[in-house]
Amino acid sequence: ASALGEVAVDPSAARSLTGDPIWAAASALPWVGPQLAAVSQVAAAIDDVAADALGPLSDAASGLSADALRPVDGAFDVARIAALEPAAGAAAQSLATAAVDLDGIDDVPLLGVVRTAVGQARELVAEAAGSADALHRATQLVPAVLGLDGPRSYLVVFQNNAEWRSMGGIVGAVAQISTDGGRLSLTAQGSSGDFRSSQDDPVVALPDEILDIFDTRPARFIQNVTQLPDFTLGAPIAREMWLRERGTAVDGVVALDPVSLSYILRATGPVTLPTGDQLTSDNAVSLLLDEVYRRYEEPAAQDAFFQSAAAAVFQALADGRADPGALVDALTEAGEQRRLLVWSTDAAEQAILDGTTLQGALPVTDAERTEFGVYLNDGTGSKMDYHLGVDVETAWCGADSASVRVTLRNDAPDPSTLPDYVTGGGAFGVPVGEALTGGYVYLPEGGTLAHQRL
C-alpha cells in the first residue's frame, strides 16, 4: 500500500507532461504525431488506473493482512472479505476500461521502441485487469458460499483421473460440506458405490443431442456425471442424485481432483491419515491414483482411503493450517487448469462464474479466438489412465481451416505387475495392459469436419 502511493506520482507527472495543448497539437503531425499520441494515451490510461483502481483498492485492503484470511476460532471473517467488494468492483471496472483504451492504440505507424512500450503496457494492464476481475468475483461469491447470509451446503465430488471422463475423471468419493457464518463442517461422505437408486432410470431428462452421444449413462451413474463436457449440465445431475440418496438439496456442487489436492497440500503442509500415511503435495497423486490400488483389492477399502484423505485435507483447511497466500495460489492454479469446478443453484451467483474456467462450460469462439474442445473418456473399465499421456496440438492450415492432433501414449509397466482392478482384467474386451479411450472433439460453432485420420 505504501509503495502504491509513491508509484502513482510518476503516471500523474507523465500525464501532465503529455497532456498539454502543445503536445496535443504535435500529435497531429505526420510520422512523429502517432508516436506522441500513443505515449499520451498510455500515460493517461496508467494514470487513471493509479487514481481510480489501485488507490481505492489499496485503501480498502490496507487493514486486510494475510492473517485476516485465516479462520479465527473456526470461522473465516466473511464480513471483512465482503467489505472489499465496492473497491474491488471499482478497480476491475477502471482496469477493464484502461485495457480497452490501450487496445485501441493503432500499432501500425509506431516506431519499434514505442510499439514495444505500448505492448508492455497492454500486457501489464491486461494481467492486472484479470486479477482485479477475479478479486471482484471472489468478494461477491466467497462470503455467500461461506454462509455470510445463512447456512449453506455443498456437494464436493472428487474426480479420479485414473479413469478418464470429459471433465477429468470418474466421480469416486463425495462429501457434503456445510457452511454458516464463515464456519465449515464436513457433514457427510459417500462413494460411488452408495448411489444405487438412480442406476435403472435417469434422474433427469437429457437433451436429444446429449443422448445421441452419451445415451442416458450420465444421468444414471454418479461416475458418469463428469462424462458430460459441461459442468453446468453435470453438476445439477450430481445434486439430484445426492438428493435422492441422502435427502439433502445442496446449494451447489464443487469438483476437485487429486492434483488439486496436491496443490492445496502445498498450503496446508502434510496431513496424517488414519492408516498412518502422510499425504503430501509430492505423493498425493501417486498415492491416490496408483498406490491405493496396489495396496487394497476391495473397492470398499479404496473408497475408505479416499474419504479419509479428503477429510484430512478438509480438516486442515477448517483448522486454519493453510498459508493464505499459498492457498490462493493453489486454487488459482487448479482453476486455470480446469481441475477446480464450481456450480451454484443461485442464478445470480452462477452468473458471477460466467466466462471463468471455474464454470467448466464448453469453449466459446468469439471474434478474437477460435476454440476447440477435446474430451477423453475411458472405455476399458479400469484405472489404466494413470499410466496414459496425452498431447493436443492445434494449428491453422489456412484462413478458415485448422487441424487438431491428439496423441495418446501408454506408459504402463508390465501388466503382470498391475492388479486386475487397474488393468480391467479384459472384462470389457480390451486386452490386459492396453487402454481403450473414447475421444470427443468439440468444433467451433459453424465448423464442419473435413476429414479425420486415426
# chains A, B, ... in the order shown; residues from 1 in each chain; ligands from 1
>>> select_by_dssp(residues="region 21-163 of chain A", states="helix (DSSP H, G or I)", output="NGL selection string")
:A and (21-26 or 32-61 or 66-69 or 78-82 or 85-103 or 112-145)
>>> residues_around(residues="Arg15 (chain A)", least_positions_apart="6", cutoff="10 Å", atoms="only C-alpha atoms", output="list of chain:residue names")
A:Val39, A:Ser40, A:Gln41, A:Val42, A:Ala43, A:Ala44, A:Ala45, A:Ile46, A:Asp47, A:Asp48
>>> residues_around(residues="region 70-87 of chain A", least_positions_apart="6", cutoff="12 Å", atoms="only C-alpha atoms", output="PDB file with N, CA and C atoms, in the first residue's frame")
ATOM      1  N   ASP A  52      -7.918   5.647 -10.043  1.00  0.00           N
ATOM      2  CA  ASP A  52      -9.276   5.120  -9.896  1.00  0.00           C
ATOM      3  C   ASP A  52      -9.337   3.657  -9.492  1.00  0.00           C
ATOM      4  N   ALA A  53      -8.226   2.924  -9.650  1.00  0.00           N
ATOM      5  CA  ALA A  53      -8.242   1.491  -9.352  1.00  0.00           C
ATOM      6  C   ALA A  53      -7.365   1.156  -8.156  1.00  0.00           C
ATOM      7  N   LEU A  54      -6.075   1.424  -8.286  1.00  0.00           N
ATOM      8  CA  LEU A  54      -5.148   0.983  -7.247  1.00  0.00           C
ATOM      9  C   LEU A  54      -5.312   1.770  -5.957  1.00  0.00           C
ATOM     10  N   GLY A  55      -5.615   3.046  -6.080  1.00  0.00           N
ATOM     11  CA  GLY A  55      -5.781   3.851  -4.865  1.00  0.00           C
ATOM     12  C   GLY A  55      -6.907   3.364  -3.970  1.00  0.00           C
ATOM     13  N   PRO A  56      -8.145   3.342  -4.494  1.00  0.00           N
ATOM     14  CA  PRO A  56      -9.265   2.863  -3.664  1.00  0.00           C
ATOM     15  C   PRO A  56      -9.074   1.429  -3.173  1.00  0.00           C
ATOM     16  N   LEU A  57      -8.527   0.570  -4.034  1.00  0.00           N
ATOM     17  CA  LEU A  57      -8.334  -0.817  -3.637  1.00  0.00           C
ATOM     18  C   LEU A  57      -7.301  -0.918  -2.525  1.00  0.00           C
ATOM     19  N   SER A  58      -6.255  -0.095  -2.612  1.00  0.00           N
ATOM     20  CA  SER A  58      -5.236  -0.084  -1.568  1.00  0.00           C
ATOM     21  C   SER A  58      -5.830   0.364  -0.236  1.00  0.00           C
ATOM     22  N   ASP A  59      -6.670   1.411  -0.303  1.00  0.00           N
ATOM     23  CA  ASP A  59      -7.300   1.897   0.936  1.00  0.00           C
ATOM     24  C   ASP A  59      -8.183   0.824   1.561  1.00  0.00           C
ATOM     25  N   ALA A  60      -8.952   0.132   0.715  1.00  0.00           N
ATOM     26  CA  ALA A  60      -9.876  -0.878   1.229  1.00  0.00           C
ATOM     27  C   ALA A  60      -9.132  -2.062   1.815  1.00  0.00           C
ATOM     28  N   ALA A  61      -7.999  -2.396   1.214  1.00  0.00           N
ATOM     29  CA  ALA A  61      -7.272  -3.591   1.630  1.00  0.00           C
ATOM     30  C   ALA A  61      -6.202  -3.317   2.668  1.00  0.00           C
ATOM     31  N   SER A  62      -6.043  -2.058   3.052  1.00  0.00           N
ATOM     32  CA  SER A  62      -4.931  -1.706   3.943  1.00  0.00           C
ATOM     33  C   SER A  62      -4.996  -2.438   5.276  1.00  0.00           C
ATOM     34  N   GLY A  63      -6.202  -2.741   5.724  1.00  0.00           N
ATOM     35  CA  GLY A  63      -6.323  -3.438   7.005  1.00  0.00           C
ATOM     36  C   GLY A  63      -6.477  -4.942   6.858  1.00  0.00           C
ATOM     37  N   LEU A  64      -6.292  -5.444   5.639  1.00  0.00           N
ATOM     38  CA  LEU A  64      -6.513  -6.867   5.380  1.00  0.00           C
ATOM     39  C   LEU A  64      -5.177  -7.552   5.134  1.00  0.00           C
ATOM     40  N   GLN A  93     -13.466  -2.333 -12.905  1.00  0.00           N
ATOM     41  CA  GLN A  93     -14.033  -1.519 -13.979  1.00  0.00           C
ATOM     42  C   GLN A  93     -12.988  -0.568 -14.562  1.00  0.00           C
ATOM     43  N   SER A  94     -12.207   0.059 -13.687  1.00  0.00           N
ATOM     44  CA  SER A  94     -11.180   1.000 -14.147  1.00  0.00           C
ATOM     45  C   SER A  94     -10.129   0.300 -14.997  1.00  0.00           C
ATOM     46  N   ALA A 132      -7.928  -8.210 -11.031  1.00  0.00           N
ATOM     47  CA  ALA A 132      -8.949  -7.404 -10.363  1.00  0.00           C
ATOM     48  C   ALA A 132     -10.338  -7.988 -10.591  1.00  0.00           C
ATOM     49  N   ASP A 133     -10.570  -8.487 -11.789  1.00  0.00           N
ATOM     50  CA  ASP A 133     -11.860  -9.116 -12.083  1.00  0.00           C
ATOM     51  C   ASP A 133     -12.059 -10.352 -11.208  1.00  0.00           C
ATOM     52  N   ALA A 134     -11.004 -11.157 -11.075  1.00  0.00           N
ATOM     53  CA  ALA A 134     -11.094 -12.352 -10.222  1.00  0.00           C
ATOM     54  C   ALA A 134     -11.348 -11.968  -8.773  1.00  0.00           C
ATOM     55  N   LEU A 135     -10.656 -10.904  -8.312  1.00  0.00           N
ATOM     56  CA  LEU A 135     -10.846 -10.451  -6.938  1.00  0.00           C
ATOM     57  C   LEU A 135     -12.278  -9.975  -6.716  1.00  0.00           C
ATOM     58  N   HIS A 136     -12.793  -9.210  -7.682  1.00  0.00           N
ATOM     59  CA  HIS A 136     -14.162  -8.716  -7.539  1.00  0.00           C
ATOM     60  C   HIS A 136     -15.157  -9.867  -7.461  1.00  0.00           C
ATOM     61  N   ARG A 137     -14.994 -10.850  -8.334  1.00  0.00           N
ATOM     62  CA  ARG A 137     -15.892 -12.002  -8.297  1.00  0.00           C
ATOM     63  C   ARG A 137     -15.776 -12.743  -6.971  1.00  0.00           C
ATOM     64  N   ALA A 138     -14.534 -12.842  -6.460  1.00  0.00           N
ATOM     65  CA  ALA A 138     -14.326 -13.546  -5.193  1.00  0.00           C
ATOM     66  C   ALA A 138     -15.004 -12.825  -4.041  1.00  0.00           C
ATOM     67  N   THR A 139     -14.905 -11.495  -4.014  1.00  0.00           N
ATOM     68  CA  THR A 139     -15.528 -10.746  -2.913  1.00  0.00           C
ATOM     69  C   THR A 139     -17.045 -10.844  -2.974  1.00  0.00           C
ATOM     70  N   GLN A 140     -17.595 -11.117  -4.150  1.00  0.00           N
ATOM     71  CA  GLN A 140     -19.029 -11.322  -4.270  1.00  0.00           C
ATOM     72  C   GLN A 140     -19.428 -12.739  -3.879  1.00  0.00           C
ATOM     73  N   LEU A 141     -18.624 -13.704  -4.290  1.00  0.00           N
ATOM     74  CA  LEU A 141     -19.032 -15.104  -4.191  1.00  0.00           C
ATOM     75  C   LEU A 141     -18.600 -15.779  -2.896  1.00  0.00           C
ATOM     76  N   VAL A 142     -17.345 -15.558  -2.488  1.00  0.00           N
ATOM     77  CA  VAL A 142     -16.799 -16.297  -1.342  1.00  0.00           C
ATOM     78  C   VAL A 142     -17.601 -16.066  -0.058  1.00  0.00           C
ATOM     79  N   PRO A 143     -17.938 -14.810   0.303  1.00  0.00           N
ATOM     80  CA  PRO A 143     -18.719 -14.635   1.537  1.00  0.00           C
ATOM     81  C   PRO A 143     -20.055 -15.371   1.501  1.00  0.00           C
ATOM     82  N   ALA A 144     -20.715 -15.343   0.345  1.00  0.00           N
ATOM     83  CA  ALA A 144     -22.005 -16.035   0.240  1.00  0.00           C
ATOM     84  C   ALA A 144     -21.821 -17.537   0.393  1.00  0.00           C
ATOM     85  N   VAL A 145     -20.809 -18.080  -0.278  1.00  0.00           N
ATOM     86  CA  VAL A 145     -20.549 -19.524  -0.215  1.00  0.00           C
ATOM     87  C   VAL A 145     -20.230 -19.953   1.213  1.00  0.00           C
ATOM     88  N   LEU A 146     -19.526 -19.092   1.962  1.00  0.00           N
ATOM     89  CA  LEU A 146     -19.136 -19.433   3.325  1.00  0.00           C
ATOM     90  C   LEU A 146     -20.217 -19.093   4.353  1.00  0.00           C
ATOM     91  N   GLY A 147     -21.415 -18.775   3.889  1.00  0.00           N
ATOM     92  CA  GLY A 147     -22.545 -18.638   4.801  1.00  0.00           C
ATOM     93  C   GLY A 147     -22.702 -17.279   5.439  1.00  0.00           C
ATOM     94  N   LEU A 148     -22.336 -16.208   4.739  1.00  0.00           N
ATOM     95  CA  LEU A 148     -22.493 -14.865   5.308  1.00  0.00           C
ATOM     96  C   LEU A 148     -23.955 -14.565   5.618  1.00  0.00           C
ATOM     97  N   ASP A 149     -24.841 -14.985   4.729  1.00  0.00           N
ATOM     98  CA  ASP A 149     -26.264 -14.662   4.883  1.00  0.00           C
ATOM     99  C   ASP A 149     -27.087 -15.818   5.441  1.00  0.00           C
ATOM    100  N   GLY A 150     -26.416 -16.867   5.893  1.00  0.00           N
ATOM    101  CA  GLY A 150     -27.141 -18.002   6.448  1.00  0.00           C
ATOM    102  C   GLY A 150     -26.519 -19.313   6.020  1.00  0.00           C
ATOM    103  N   THR A 179     -21.688 -24.769   5.498  1.00  0.00           N
ATOM    104  CA  THR A 179     -21.082 -23.515   5.944  1.00  0.00           C
ATOM    105  C   THR A 179     -22.132 -22.654   6.624  1.00  0.00           C
ATOM    106  N   ASP A 180     -21.682 -21.846   7.560  1.00  0.00           N
ATOM    107  CA  ASP A 180     -22.589 -20.927   8.263  1.00  0.00           C
ATOM    108  C   ASP A 180     -21.748 -19.880   8.979  1.00  0.00           C
ATOM    109  N   GLY A 181     -21.922 -18.620   8.591  1.00  0.00           N
ATOM    110  CA  GLY A 181     -21.193 -17.541   9.242  1.00  0.00           C
ATOM    111  C   GLY A 181     -19.685 -17.676   9.162  1.00  0.00           C
ATOM    112  N   GLY A 182     -19.193 -18.261   8.093  1.00  0.00           N
ATOM    113  CA  GLY A 182     -17.752 -18.426   7.937  1.00  0.00           C
ATOM    114  C   GLY A 182     -17.211 -19.722   8.491  1.00  0.00           C
ATOM    115  N   ARG A 183     -18.047 -20.531   9.112  1.00  0.00           N
ATOM    116  CA  ARG A 183     -17.617 -21.821   9.653  1.00  0.00           C
ATOM    117  C   ARG A 183     -17.897 -22.933   8.649  1.00  0.00           C
ATOM    118  N   LEU A 184     -16.968 -23.885   8.556  1.00  0.00           N
ATOM    119  CA  LEU A 184     -17.114 -25.024   7.661  1.00  0.00           C
ATOM    120  C   LEU A 184     -17.195 -26.303   8.479  1.00  0.00           C
ATOM    121  N   SER A 185     -18.036 -27.227   8.023  1.00  0.00           N
ATOM    122  CA  SER A 185     -18.111 -28.535   8.675  1.00  0.00           C
ATOM    123  C   SER A 185     -18.339 -29.609   7.622  1.00  0.00           C
ATOM    124  N   ALA A 267      -0.125 -25.624   0.597  1.00  0.00           N
ATOM    125  CA  ALA A 267      -0.510 -24.558   1.524  1.00  0.00           C
ATOM    126  C   ALA A 267      -0.704 -25.069   2.943  1.00  0.00           C
ATOM    127  N   THR A 268      -1.267 -26.269   3.088  1.00  0.00           N
ATOM    128  CA  THR A 268      -1.557 -26.790   4.429  1.00  0.00           C
ATOM    129  C   THR A 268      -0.363 -27.502   5.043  1.00  0.00           C
ATOM    130  N   GLN A 315     -10.065 -30.928   7.032  1.00  0.00           N
ATOM    131  CA  GLN A 315      -9.863 -30.525   8.415  1.00  0.00           C
ATOM    132  C   GLN A 315      -8.687 -29.558   8.550  1.00  0.00           C
ATOM    133  N   ALA A 316      -7.656 -29.781   7.760  1.00  0.00           N
ATOM    134  CA  ALA A 316      -6.512 -28.864   7.779  1.00  0.00           C
ATOM    135  C   ALA A 316      -6.931 -27.468   7.334  1.00  0.00           C
ATOM    136  N   LEU A 317      -7.812 -27.399   6.329  1.00  0.00           N
ATOM    137  CA  LEU A 317      -8.310 -26.102   5.877  1.00  0.00           C
ATOM    138  C   LEU A 317      -9.190 -25.454   6.939  1.00  0.00           C
ATOM    139  N   ALA A 318     -10.103 -26.226   7.510  1.00  0.00           N
ATOM    140  CA  ALA A 318     -11.024 -25.691   8.509  1.00  0.00           C
ATOM    141  C   ALA A 318     -10.295 -25.233   9.754  1.00  0.00           C
ATOM    142  N   ASP A 319      -9.180 -25.895  10.081  1.00  0.00           N
ATOM    143  CA  ASP A 319      -8.404 -25.522  11.271  1.00  0.00           C
ATOM    144  C   ASP A 319      -7.507 -24.316  11.042  1.00  0.00           C
ATOM    145  N   GLY A 320      -7.455 -23.833   9.802  1.00  0.00           N
ATOM    146  CA  GLY A 320      -6.632 -22.675   9.512  1.00  0.00           C
ATOM    147  C   GLY A 320      -5.162 -22.979   9.348  1.00  0.00           C
ATOM    148  N   ARG A 321      -4.823 -24.205   8.986  1.00  0.00           N
ATOM    149  CA  ARG A 321      -3.417 -24.584   8.834  1.00  0.00           C
ATOM    150  C   ARG A 321      -2.827 -24.145   7.502  1.00  0.00           C
ATOM    151  N   ALA A 322      -3.675 -23.694   6.580  1.00  0.00           N
ATOM    152  CA  ALA A 322      -3.179 -23.309   5.258  1.00  0.00           C
ATOM    153  C   ALA A 322      -2.623 -21.895   5.282  1.00  0.00           C
ATOM    154  N   ASP A 323      -1.478 -21.714   4.651  1.00  0.00           N
ATOM    155  CA  ASP A 323      -0.952 -20.373   4.434  1.00  0.00           C
ATOM    156  C   ASP A 323      -1.854 -19.685   3.410  1.00  0.00           C
ATOM    157  N   PRO A 324      -2.453 -18.536   3.739  1.00  0.00           N
ATOM    158  CA  PRO A 324      -3.450 -17.927   2.847  1.00  0.00           C
ATOM    159  C   PRO A 324      -2.920 -17.625   1.454  1.00  0.00           C
ATOM    160  N   GLY A 325      -1.731 -17.047   1.365  1.00  0.00           N
ATOM    161  CA  GLY A 325      -1.168 -16.736   0.052  1.00  0.00           C
ATOM    162  C   GLY A 325      -0.946 -17.980  -0.771  1.00  0.00           C
ATOM    163  N   ALA A 326      -0.410 -19.008  -0.141  1.00  0.00           N
ATOM    164  CA  ALA A 326      -0.160 -20.268  -0.853  1.00  0.00           C
ATOM    165  C   ALA A 326      -1.472 -20.937  -1.251  1.00  0.00           C
ATOM    166  N   LEU A 327      -2.508 -20.779  -0.421  1.00  0.00           N
ATOM    167  CA  LEU A 327      -3.805 -21.377  -0.745  1.00  0.00           C
ATOM    168  C   LEU A 327      -4.424 -20.693  -1.954  1.00  0.00           C
ATOM    169  N   VAL A 328      -4.339 -19.354  -1.998  1.00  0.00           N
ATOM    170  CA  VAL A 328      -4.848 -18.631  -3.159  1.00  0.00           C
ATOM    171  C   VAL A 328      -4.111 -19.080  -4.422  1.00  0.00           C
TER     172      VAL A 328
END
>>> residues_around(residues="region 208-224 of chain A", least_positions_apart="6", cutoff="10 Å", atoms="only C-alpha atoms", output="PyMOL selection string")
chain A and resi 157+159-160+163-167+169-174+191-202+233-234+236-242+377+440
>>> atom_distance(atom1="CA of Ala255 (chain A)", atom2="CA of Val292 (chain A)")
20.7 Å
>>> closest_residue(among="A:Val404, A:Phe428, A:Glu434, A:Asp414", to="Gln452 (chain A)", atoms="only C-alpha atoms")
A:Val404
>>> closest_atom_pairs(of="region 205-311 of chain A", to="region 347-358 of chain A", cutoff="10 Å", atoms="only C-alpha atoms", output="CSV")
residue,atom,partner,partner_atom,distance
A:Phe231,CA,A:Leu358,CA,9.1
A:Thr232,CA,A:Gln350,CA,9.3
A:Gly252,CA,A:Gln350,CA,9.5
A:Val254,CA,A:Leu358,CA,9.3
A:Ala255,CA,A:Leu358,CA,9.4
>>> atom_distance(atom1="CA of Phe305 (chain A)", atom2="CA of Arg409 (chain A)")
28.9 Å
>>> closest_residue(among="A:Gln35, A:Thr437, A:Ser308, A:Thr280", to="Leu265 (chain A)", atoms="only C-alpha atoms")
A:Thr280
>>> select_by_dssp(residues="region 327-393 of chain A", states="strand (DSSP E)", output="number ranges by chain")
A: 341-344, 373-378, 388-393
>>> write_last_selection(atoms="N, CA, C and O atoms", output="PDB file, in the first residue's frame")
ATOM      1  N   LEU A 341     -13.842 -26.915 -10.244  1.00  0.00           N
ATOM      2  CA  LEU A 341     -15.076 -26.512 -10.916  1.00  0.00           C
ATOM      3  C   LEU A 341     -16.130 -26.183  -9.873  1.00  0.00           C
ATOM      4  O   LEU A 341     -16.204 -26.830  -8.812  1.00  0.00           O
ATOM      5  N   VAL A 342     -16.953 -25.182 -10.153  1.00  0.00           N
ATOM      6  CA  VAL A 342     -17.952 -24.718  -9.189  1.00  0.00           C
ATOM      7  C   VAL A 342     -19.268 -24.457  -9.911  1.00  0.00           C
ATOM      8  O   VAL A 342     -19.286 -23.833 -10.985  1.00  0.00           O
ATOM      9  N   TRP A 343     -20.354 -24.913  -9.314  1.00  0.00           N
ATOM     10  CA  TRP A 343     -21.696 -24.638  -9.841  1.00  0.00           C
ATOM     11  C   TRP A 343     -22.610 -24.292  -8.676  1.00  0.00           C
ATOM     12  O   TRP A 343     -22.542 -24.907  -7.609  1.00  0.00           O
ATOM     13  N   SER A 344     -23.467 -23.287  -8.867  1.00  0.00           N
ATOM     14  CA  SER A 344     -24.379 -22.843  -7.818  1.00  0.00           C
ATOM     15  C   SER A 344     -25.819 -22.925  -8.295  1.00  0.00           C
ATOM     16  O   SER A 344     -26.116 -22.663  -9.476  1.00  0.00           O
ATOM     17  N   GLY A 373     -12.555 -28.090 -28.370  1.00  0.00           N
ATOM     18  CA  GLY A 373     -12.555 -28.878 -27.139  1.00  0.00           C
ATOM     19  C   GLY A 373     -12.208 -30.324 -27.457  1.00  0.00           C
ATOM     20  O   GLY A 373     -12.709 -30.887 -28.440  1.00  0.00           O
ATOM     21  N   VAL A 374     -11.341 -30.918 -26.656  1.00  0.00           N
ATOM     22  CA  VAL A 374     -11.010 -32.340 -26.792  1.00  0.00           C
ATOM     23  C   VAL A 374     -11.288 -33.003 -25.449  1.00  0.00           C
ATOM     24  O   VAL A 374     -10.724 -32.596 -24.423  1.00  0.00           O
ATOM     25  N   TYR A 375     -12.161 -33.998 -25.448  1.00  0.00           N
ATOM     26  CA  TYR A 375     -12.596 -34.645 -24.209  1.00  0.00           C
ATOM     27  C   TYR A 375     -12.364 -36.152 -24.329  1.00  0.00           C
ATOM     28  O   TYR A 375     -12.789 -36.777 -25.301  1.00  0.00           O
ATOM     29  N   LEU A 376     -11.700 -36.714 -23.326  1.00  0.00           N
ATOM     30  CA  LEU A 376     -11.315 -38.125 -23.363  1.00  0.00           C
ATOM     31  C   LEU A 376     -12.048 -38.902 -22.280  1.00  0.00           C
ATOM     32  O   LEU A 376     -12.186 -38.430 -21.146  1.00  0.00           O
ATOM     33  N   ASN A 377     -12.515 -40.092 -22.639  1.00  0.00           N
ATOM     34  CA  ASN A 377     -13.251 -40.940 -21.706  1.00  0.00           C
ATOM     35  C   ASN A 377     -12.735 -42.369 -21.790  1.00  0.00           C
ATOM     36  O   ASN A 377     -12.537 -42.912 -22.881  1.00  0.00           O
ATOM     37  N   ASP A 378     -12.538 -42.979 -20.625  1.00  0.00           N
ATOM     38  CA  ASP A 378     -12.048 -44.356 -20.570  1.00  0.00           C
ATOM     39  C   ASP A 378     -13.122 -45.332 -21.046  1.00  0.00           C
ATOM     40  O   ASP A 378     -14.293 -45.219 -20.684  1.00  0.00           O
ATOM     41  N   LEU A 388      -1.405 -43.266 -18.767  1.00  0.00           N
ATOM     42  CA  LEU A 388      -1.507 -42.728 -20.120  1.00  0.00           C
ATOM     43  C   LEU A 388      -1.098 -41.258 -20.153  1.00  0.00           C
ATOM     44  O   LEU A 388      -1.337 -40.505 -19.209  1.00  0.00           O
ATOM     45  N   GLY A 389      -0.486 -40.871 -21.259  1.00  0.00           N
ATOM     46  CA  GLY A 389      -0.158 -39.481 -21.508  1.00  0.00           C
ATOM     47  C   GLY A 389      -0.925 -38.994 -22.720  1.00  0.00           C
ATOM     48  O   GLY A 389      -1.284 -39.770 -23.599  1.00  0.00           O
ATOM     49  N   VAL A 390      -1.195 -37.702 -22.759  1.00  0.00           N
ATOM     50  CA  VAL A 390      -1.939 -37.137 -23.882  1.00  0.00           C
ATOM     51  C   VAL A 390      -1.352 -35.789 -24.257  1.00  0.00           C
ATOM     52  O   VAL A 390      -0.966 -35.001 -23.389  1.00  0.00           O
ATOM     53  N   ASP A 391      -1.269 -35.540 -25.557  1.00  0.00           N
ATOM     54  CA  ASP A 391      -0.852 -34.241 -26.086  1.00  0.00           C
ATOM     55  C   ASP A 391      -1.877 -33.805 -27.123  1.00  0.00           C
ATOM     56  O   ASP A 391      -2.341 -34.619 -27.936  1.00  0.00           O
ATOM     57  N   VAL A 392      -2.232 -32.530 -27.083  1.00  0.00           N
ATOM     58  CA  VAL A 392      -3.168 -31.975 -28.054  1.00  0.00           C
ATOM     59  C   VAL A 392      -2.501 -30.781 -28.730  1.00  0.00           C
ATOM     60  O   VAL A 392      -2.011 -29.878 -28.049  1.00  0.00           O
ATOM     61  N   GLU A 393      -2.475 -30.796 -30.054  1.00  0.00           N
ATOM     62  CA  GLU A 393      -1.879 -29.705 -30.810  1.00  0.00           C
ATOM     63  C   GLU A 393      -2.903 -29.169 -31.814  1.00  0.00           C
ATOM     64  O   GLU A 393      -3.598 -29.945 -32.472  1.00  0.00           O
TER      65      GLU A 393
END
>>> closest_residue(among="A:Arg294, A:Arg369, A:Val313, A:Leu362", to="Gln278 (chain A)", atoms="only C-alpha atoms")
A:Val313
>>> closest_residue(among="A:Met384, A:Cys397, A:Val108, A:Val422", to="Asn410 (chain A)", atoms="only C-alpha atoms")
A:Met384
>>> atom_distance(atom1="CA of Phe306 (chain A)", atom2="CA of Pro151 (chain A)")
26.7 Å
>>> closest_residue(among="A:Leu273, A:Val204, A:Ala330, A:Ala427", to="Ala312 (chain A)", atoms="only C-alpha atoms")
A:Leu273
>>> residues_around(residues="Glu123 (chain A)", least_positions_apart="6", cutoff="12 Å", atoms="only C-alpha atoms", output="list in words")
Leu95, Ala98, Ala99, Val100, Leu102, Asp103, Thr116, Ala117, Ala129 and Gly130 of chain A
>>> residues_around(residues="Pro431 (chain A)", least_positions_apart="4", cutoff="12 Å", atoms="only C-alpha atoms", output="number ranges by chain")
A: 379-382, 384, 415, 420, 423-427, 435-436
>>> write_last_selection(atoms="N, CA, C and O atoms", output="compact mmCIF listing (two decimals), in the first residue's frame")
# COMPACT_ATOMS: atom_id res chain seq x y z
N GLY A 379 -12.69 -46.29 -21.86
CA GLY A 379 -13.60 -47.35 -22.29
C GLY A 379 -13.12 -48.72 -21.88
O GLY A 379 -13.65 -49.73 -22.35
N THR A 380 -12.11 -48.74 -21.00
CA THR A 380 -11.51 -50.00 -20.58
C THR A 380 -12.17 -50.57 -19.33
O THR A 380 -12.06 -51.75 -19.05
N GLY A 381 -12.86 -49.71 -18.57
CA GLY A 381 -13.39 -50.14 -17.27
C GLY A 381 -12.27 -50.42 -16.32
O GLY A 381 -12.24 -51.45 -15.64
N SER A 382 -11.29 -49.49 -16.26
CA SER A 382 -10.08 -49.75 -15.50
C SER A 382 -9.55 -48.46 -14.90
O SER A 382 -10.20 -47.41 -14.97
N MET A 384 -6.34 -47.57 -15.85
CA MET A 384 -5.13 -47.51 -16.67
C MET A 384 -4.72 -46.09 -17.04
O MET A 384 -3.58 -45.83 -17.41
N PRO A 415 2.07 -55.37 -17.51
CA PRO A 415 0.74 -55.55 -16.92
C PRO A 415 0.67 -56.62 -15.85
O PRO A 415 -0.23 -56.60 -15.01
N ASP A 420 -5.67 -56.54 -11.32
CA ASP A 420 -6.74 -56.62 -12.31
C ASP A 420 -7.66 -55.39 -12.24
O ASP A 420 -8.23 -54.97 -13.25
N THR A 423 -5.94 -52.88 -14.54
CA THR A 423 -5.92 -53.22 -15.97
C THR A 423 -7.31 -53.46 -16.53
O THR A 423 -7.51 -53.41 -17.74
N GLY A 424 -8.26 -53.73 -15.66
CA GLY A 424 -9.60 -54.09 -16.11
C GLY A 424 -9.76 -55.58 -16.31
O GLY A 424 -10.89 -56.07 -16.48
N GLY A 425 -8.64 -56.30 -16.34
CA GLY A 425 -8.71 -57.76 -16.46
C GLY A 425 -9.34 -58.26 -17.73
O GLY A 425 -9.77 -59.41 -17.80
N GLY A 426 -9.44 -57.41 -18.74
CA GLY A 426 -10.06 -57.83 -20.00
C GLY A 426 -11.56 -57.93 -19.95
O GLY A 426 -12.18 -58.48 -20.87
N ALA A 427 -12.17 -57.38 -18.89
CA ALA A 427 -13.61 -57.56 -18.69
C ALA A 427 -14.44 -56.95 -19.81
O ALA A 427 -15.53 -57.43 -20.11
N ALA A 435 -5.31 -49.90 -23.29
CA ALA A 435 -6.36 -48.99 -22.83
C ALA A 435 -7.18 -48.53 -24.03
O ALA A 435 -6.64 -48.21 -25.09
N LEU A 436 -8.48 -48.53 -23.85
CA LEU A 436 -9.40 -48.06 -24.87
C LEU A 436 -9.90 -46.68 -24.45
O LEU A 436 -10.42 -46.52 -23.34
